[in-house]
Protein chains: 2
Amino acid sequence: MKTEHLHQLIWMSRPLMQAAEACVEAGLVGTDLTVRMRAVLEMLDKYGEQTVPEIAARLEIKRQYVQIMCNETRESGFIEQRANPRHKRSPIMALTDRGRTVIKDIISREMTLMEEVGGDLSDEDIATALRVVRAVTDSLKQEAGETE
Amino acid sequence: MKTEHLHQLIWMSRPLMQAAEACVEAGLVGTDLTVRMRAVLEMLDKYGEQTVPEIAARLEIKRQYVQIMCNETRESGFIEQRANPRHKRSPIMALTDRGRTVIKDIISREMTLMEEVGGDLSDEDIATALRVVRAVTDSLKQEAGETE
DNA sequence: GTCAATATGACAAGTATAATGTCATTATGA
DNA sequence: TCATAATGACATTATACTTGTCATATTGAC
């Protein structure tokens, strides 16, 4: 039974992700943000100003693509470059005021959505789900890592 | 707190899915299956023989792409067509013996992996996680649906 | 039975989200 | 100092789809 539930849980990850992405996308309508720009802004908002390779490491996608994402985001005026004292070739990406306002607003609206989505689920159950999903993800990552 | 946990849970969906996909892919090495062929076989194994449009509906992807998936799977000898009495233009896809053996074996190996991944998590917690994830997915789908 | 609406397979093209490869330049660190 | 690594920029390729179109076959309402 346990393995069966686990299998089902894991195969829910795709529908969950797709539903989540659809909501995120819907939430961006009206702003001039794209989903990938939002991802950049979220990293800067959450972990502070940082370089492109640092963002790439956090998002676990290749730096070359994050570079594109960041360039776009910068062209749209949501982030700006600052000199990096620790690494002259790699400027630090920082939120502009506009970027900060936008991402705070988006996250805030997403949190409002979370309240609706939370519905009748208890905080305890959600916390349990989070803990399980994290453990399973870590475990799967390790399994896959060993195989390669 | 609840909304915060929920937000985190939802944003775990991508890492979870990616880790899961990596494991599934690793499990297919040695078989002549691809991930998308595996998906076709799983649907046939789980829900019985059915037409391409039916599989597409279950996978929630466009029938044109499922057609490609099924054609590949058929060319590789894992499924075969049978006449469809209910719809002459649309043959029923059915597992061949080889296909049945392969998918049973894959699923069985995945279940073994589930035992390892389950680790010290209780069945109760996993069941809770599954219930929460399903509820959240349904809720998000509805939200996104209303917006579009 | 007729006939408009629909379903299906086949095929072509496009799109989003990346990965991969390469290069010149610059830092870094032993 | 000098080999090695890091970075941005750019080009190519890959994957997993979606969208659009067409001819034909099928269905269902009347």
# chains A, B, ... in the order shown; residues from 1 in each chain; ligands from 1
$ interface_residues --of "chain B" --to "chain C" --cutoff "8 Å" --atoms "only C-alpha atoms (C1' of nucleotides)" --output "PDB file with C-alpha atoms, in the first residue's frame"
ATOM      1  CA  GLN B  67      -0.410   9.410 -32.271  1.00  0.00           C
ATOM      2  CA  ARG B  89     -11.378   4.621 -38.398  1.00  0.00           C
ATOM      3  CA  SER B  90      -9.798   4.382 -35.004  1.00  0.00           C
TER       4      SER B  90
END
$ interface_residues --of "chain D" --to "chain B" --cutoff "9 Å" --atoms "only C-alpha atoms (C1' of nucleotides)" --output "MDAnalysis selection string"
chainID D and resid 17:18 25:26
$ calpha_fit_rmsd --fixed "chain A" --moving "chain B"
0.0 Å
$ interface_residues --of "chain A" --to "chain B" --cutoff "7 Å" --atoms "only C-alpha atoms" --output "number ranges by chain"
A: 2-3, 5-7, 9-10, 13-17, 19-20, 22-23, 26, 111, 114-115, 117, 123, 125-130, 132, 136-137, 139-141, 143-144, 147
$ atom_distance --atom1 "atom CA of Glu75 of chain B" --atom2 "atom CA of Ile103 of chain B"
16.2 Å
$ atom_distance --atom1 "atom CA of Arg63 of chain A" --atom2 "atom CA of Lys104 of chain A"
24.8 Å
$ closest_residue --among "A:Ala57, A:Ile68, A:Val102, A:Val52" --to "DC10 of chain D" --atoms "only C-alpha atoms (C1' of nucleotides)"
A:Ile68
$ decode --residues "segment 57-71 of chain B" --atoms "all heavy atoms" --output "PDB file, in the first residue's frame"
ATOM      1  N   ALA B  57      -6.560  11.626 -23.996  1.00  0.00           N
ATOM      2  CA  ALA B  57      -7.396  12.229 -22.965  1.00  0.00           C
ATOM      3  C   ALA B  57      -6.854  11.892 -21.578  1.00  0.00           C
ATOM      4  O   ALA B  57      -6.785  12.743 -20.697  1.00  0.00           O
ATOM      5  CB  ALA B  57      -8.833  11.746 -23.116  1.00  0.00           C
ATOM      6  N   ARG B  58      -6.432  10.646 -21.401  1.00  0.00           N
ATOM      7  CA  ARG B  58      -5.923  10.226 -20.096  1.00  0.00           C
ATOM      8  C   ARG B  58      -4.613  10.936 -19.758  1.00  0.00           C
ATOM      9  O   ARG B  58      -4.377  11.310 -18.619  1.00  0.00           O
ATOM     10  CB  ARG B  58      -5.683   8.719 -20.089  1.00  0.00           C
ATOM     11  CG  ARG B  58      -6.966   7.914 -20.036  1.00  0.00           C
ATOM     12  CD  ARG B  58      -6.846   6.731 -19.078  1.00  0.00           C
ATOM     13  NE  ARG B  58      -8.171   6.212 -18.746  1.00  0.00           N
ATOM     14  CZ  ARG B  58      -8.890   5.414 -19.548  1.00  0.00           C
ATOM     15  NH1 ARG B  58      -8.408   5.038 -20.715  1.00  0.00           N
ATOM     16  NH2 ARG B  58     -10.086   5.003 -19.163  1.00  0.00           N
ATOM     17  N   LEU B  59      -3.753  11.079 -20.752  1.00  0.00           N
ATOM     18  CA  LEU B  59      -2.459  11.720 -20.511  1.00  0.00           C
ATOM     19  C   LEU B  59      -2.580  13.246 -20.527  1.00  0.00           C
ATOM     20  O   LEU B  59      -1.628  13.951 -20.195  1.00  0.00           O
ATOM     21  CB  LEU B  59      -1.439  11.272 -21.564  1.00  0.00           C
ATOM     22  CG  LEU B  59      -1.013   9.798 -21.520  1.00  0.00           C
ATOM     23  CD1 LEU B  59      -0.105   9.470 -22.692  1.00  0.00           C
ATOM     24  CD2 LEU B  59      -0.292   9.500 -20.204  1.00  0.00           C
ATOM     25  N   GLU B  60      -3.734  13.706 -20.957  1.00  0.00           N
ATOM     26  CA  GLU B  60      -3.960  15.145 -21.096  1.00  0.00           C
ATOM     27  C   GLU B  60      -2.932  15.801 -21.997  1.00  0.00           C
ATOM     28  O   GLU B  60      -2.406  16.869 -21.691  1.00  0.00           O
ATOM     29  CB  GLU B  60      -3.983  15.822 -19.719  1.00  0.00           C
ATOM     30  CG  GLU B  60      -5.175  15.379 -18.880  1.00  0.00           C
ATOM     31  CD  GLU B  60      -5.284  16.136 -17.566  1.00  0.00           C
ATOM     32  OE1 GLU B  60      -5.714  17.292 -17.593  1.00  0.00           O
ATOM     33  OE2 GLU B  60      -4.931  15.556 -16.518  1.00  0.00           O
ATOM     34  N   ILE B  61      -2.601  15.129 -23.081  1.00  0.00           N
ATOM     35  CA  ILE B  61      -1.814  15.761 -24.123  1.00  0.00           C
ATOM     36  C   ILE B  61      -2.524  15.553 -25.453  1.00  0.00           C
ATOM     37  O   ILE B  61      -3.406  14.698 -25.560  1.00  0.00           O
ATOM     38  CB  ILE B  61      -0.350  15.256 -24.173  1.00  0.00           C
ATOM     39  CG1 ILE B  61      -0.275  13.747 -24.254  1.00  0.00           C
ATOM     40  CG2 ILE B  61       0.430  15.733 -22.979  1.00  0.00           C
ATOM     41  CD1 ILE B  61       1.119  13.222 -24.127  1.00  0.00           C
ATOM     42  N   LYS B  62      -2.172  16.356 -26.436  1.00  0.00           N
ATOM     43  CA  LYS B  62      -2.900  16.378 -27.692  1.00  0.00           C
ATOM     44  C   LYS B  62      -2.804  15.046 -28.427  1.00  0.00           C
ATOM     45  O   LYS B  62      -1.767  14.416 -28.460  1.00  0.00           O
ATOM     46  CB  LYS B  62      -2.368  17.495 -28.588  1.00  0.00           C
ATOM     47  CG  LYS B  62      -2.495  18.872 -27.967  1.00  0.00           C
ATOM     48  CD  LYS B  62      -3.945  19.272 -27.810  1.00  0.00           C
ATOM     49  CE  LYS B  62      -4.060  20.508 -26.922  1.00  0.00           C
ATOM     50  NZ  LYS B  62      -5.448  20.821 -26.567  1.00  0.00           N
ATOM     51  N   ARG B  63      -3.899  14.698 -29.055  1.00  0.00           N
ATOM     52  CA  ARG B  63      -3.961  13.415 -29.734  1.00  0.00           C
ATOM     53  C   ARG B  63      -2.909  13.289 -30.832  1.00  0.00           C
ATOM     54  O   ARG B  63      -2.393  12.199 -31.080  1.00  0.00           O
ATOM     55  CB  ARG B  63      -5.360  13.187 -30.317  1.00  0.00           C
ATOM     56  CG  ARG B  63      -5.707  14.114 -31.428  1.00  0.00           C
ATOM     57  CD  ARG B  63      -7.100  13.913 -31.996  1.00  0.00           C
ATOM     58  NE  ARG B  63      -7.337  14.927 -33.009  1.00  0.00           N
ATOM     59  CZ  ARG B  63      -6.929  14.833 -34.263  1.00  0.00           C
ATOM     60  NH1 ARG B  63      -6.300  13.761 -34.675  1.00  0.00           N
ATOM     61  NH2 ARG B  63      -7.147  15.805 -35.113  1.00  0.00           N
ATOM     62  N   GLN B  64      -2.565  14.399 -31.478  1.00  0.00           N
ATOM     63  CA  GLN B  64      -1.571  14.336 -32.557  1.00  0.00           C
ATOM     64  C   GLN B  64      -0.223  13.841 -32.049  1.00  0.00           C
ATOM     65  O   GLN B  64       0.485  13.133 -32.751  1.00  0.00           O
ATOM     66  CB  GLN B  64      -1.379  15.717 -33.207  1.00  0.00           C
ATOM     67  CG  GLN B  64      -2.532  16.173 -34.078  1.00  0.00           C
ATOM     68  CD  GLN B  64      -3.551  16.974 -33.315  1.00  0.00           C
ATOM     69  OE1 GLN B  64      -3.714  16.787 -32.110  1.00  0.00           O
ATOM     70  NE2 GLN B  64      -4.245  17.861 -33.998  1.00  0.00           N
ATOM     71  N   TYR B  65       0.105  14.256 -30.857  1.00  0.00           N
ATOM     72  CA  TYR B  65       1.394  13.835 -30.300  1.00  0.00           C
ATOM     73  C   TYR B  65       1.321  12.395 -29.793  1.00  0.00           C
ATOM     74  O   TYR B  65       2.251  11.614 -29.960  1.00  0.00           O
ATOM     75  CB  TYR B  65       1.823  14.777 -29.174  1.00  0.00           C
ATOM     76  CG  TYR B  65       3.217  14.516 -28.701  1.00  0.00           C
ATOM     77  CD1 TYR B  65       4.276  14.480 -29.595  1.00  0.00           C
ATOM     78  CD2 TYR B  65       3.491  14.290 -27.354  1.00  0.00           C
ATOM     79  CE1 TYR B  65       5.565  14.227 -29.176  1.00  0.00           C
ATOM     80  CE2 TYR B  65       4.769  14.038 -26.925  1.00  0.00           C
ATOM     81  CZ  TYR B  65       5.804  14.013 -27.837  1.00  0.00           C
ATOM     82  OH  TYR B  65       7.078  13.764 -27.412  1.00  0.00           O
ATOM     83  N   VAL B  66       0.198  12.061 -29.216  1.00  0.00           N
ATOM     84  CA  VAL B  66       0.013  10.684 -28.746  1.00  0.00           C
ATOM     85  C   VAL B  66       0.036   9.727 -29.935  1.00  0.00           C
ATOM     86  O   VAL B  66       0.539   8.611 -29.837  1.00  0.00           O
ATOM     87  CB  VAL B  66      -1.300  10.546 -27.959  1.00  0.00           C
ATOM     88  CG1 VAL B  66      -1.572   9.098 -27.595  1.00  0.00           C
ATOM     89  CG2 VAL B  66      -1.246  11.407 -26.699  1.00  0.00           C
ATOM     90  N   GLN B  67      -0.460  10.216 -31.050  1.00  0.00           N
ATOM     91  CA  GLN B  67      -0.410   9.410 -32.271  1.00  0.00           C
ATOM     92  C   GLN B  67       1.040   9.051 -32.603  1.00  0.00           C
ATOM     93  O   GLN B  67       1.364   7.892 -32.899  1.00  0.00           O
ATOM     94  CB  GLN B  67      -1.015  10.213 -33.436  1.00  0.00           C
ATOM     95  CG  GLN B  67      -1.167   9.413 -34.713  1.00  0.00           C
ATOM     96  CD  GLN B  67      -2.348   8.473 -34.647  1.00  0.00           C
ATOM     97  OE1 GLN B  67      -3.444   8.884 -34.297  1.00  0.00           O
ATOM     98  NE2 GLN B  67      -2.123   7.218 -34.964  1.00  0.00           N
ATOM     99  N   ILE B  68       1.901  10.042 -32.521  1.00  0.00           N
ATOM    100  CA  ILE B  68       3.329   9.816 -32.784  1.00  0.00           C
ATOM    101  C   ILE B  68       3.897   8.821 -31.769  1.00  0.00           C
ATOM    102  O   ILE B  68       4.603   7.877 -32.137  1.00  0.00           O
ATOM    103  CB  ILE B  68       4.094  11.155 -32.708  1.00  0.00           C
ATOM    104  CG1 ILE B  68       3.702  12.038 -33.893  1.00  0.00           C
ATOM    105  CG2 ILE B  68       5.590  10.919 -32.677  1.00  0.00           C
ATOM    106  CD1 ILE B  68       4.168  13.469 -33.780  1.00  0.00           C
ATOM    107  N   MET B  69       3.563   9.031 -30.521  1.00  0.00           N
ATOM    108  CA  MET B  69       4.038   8.130 -29.472  1.00  0.00           C
ATOM    109  C   MET B  69       3.605   6.691 -29.747  1.00  0.00           C
ATOM    110  O   MET B  69       4.394   5.751 -29.637  1.00  0.00           O
ATOM    111  CB  MET B  69       3.492   8.577 -28.111  1.00  0.00           C
ATOM    112  CG  MET B  69       4.017   9.905 -27.614  1.00  0.00           C
ATOM    113  SD  MET B  69       3.015  10.632 -26.277  1.00  0.00           S
ATOM    114  CE  MET B  69       3.295   9.521 -24.924  1.00  0.00           C
ATOM    115  N   CYS B  70       2.341   6.551 -30.101  1.00  0.00           N
ATOM    116  CA  CYS B  70       1.814   5.207 -30.341  1.00  0.00           C
ATOM    117  C   CYS B  70       2.416   4.580 -31.590  1.00  0.00           C
ATOM    118  O   CYS B  70       2.708   3.378 -31.605  1.00  0.00           O
ATOM    119  CB  CYS B  70       0.288   5.261 -30.463  1.00  0.00           C
ATOM    120  SG  CYS B  70      -0.529   5.492 -28.880  1.00  0.00           S
ATOM    121  N   ASN B  71       2.594   5.377 -32.620  1.00  0.00           N
ATOM    122  CA  ASN B  71       3.205   4.839 -33.838  1.00  0.00           C
ATOM    123  C   ASN B  71       4.607   4.294 -33.537  1.00  0.00           C
ATOM    124  O   ASN B  71       4.959   3.197 -33.980  1.00  0.00           O
ATOM    125  CB  ASN B  71       3.285   5.928 -34.907  1.00  0.00           C
ATOM    126  CG  ASN B  71       1.913   6.283 -35.458  1.00  0.00           C
ATOM    127  OD1 ASN B  71       0.925   5.604 -35.163  1.00  0.00           O
ATOM    128  ND2 ASN B  71       1.835   7.344 -36.234  1.00  0.00           N
TER     129      ASN B  71
END
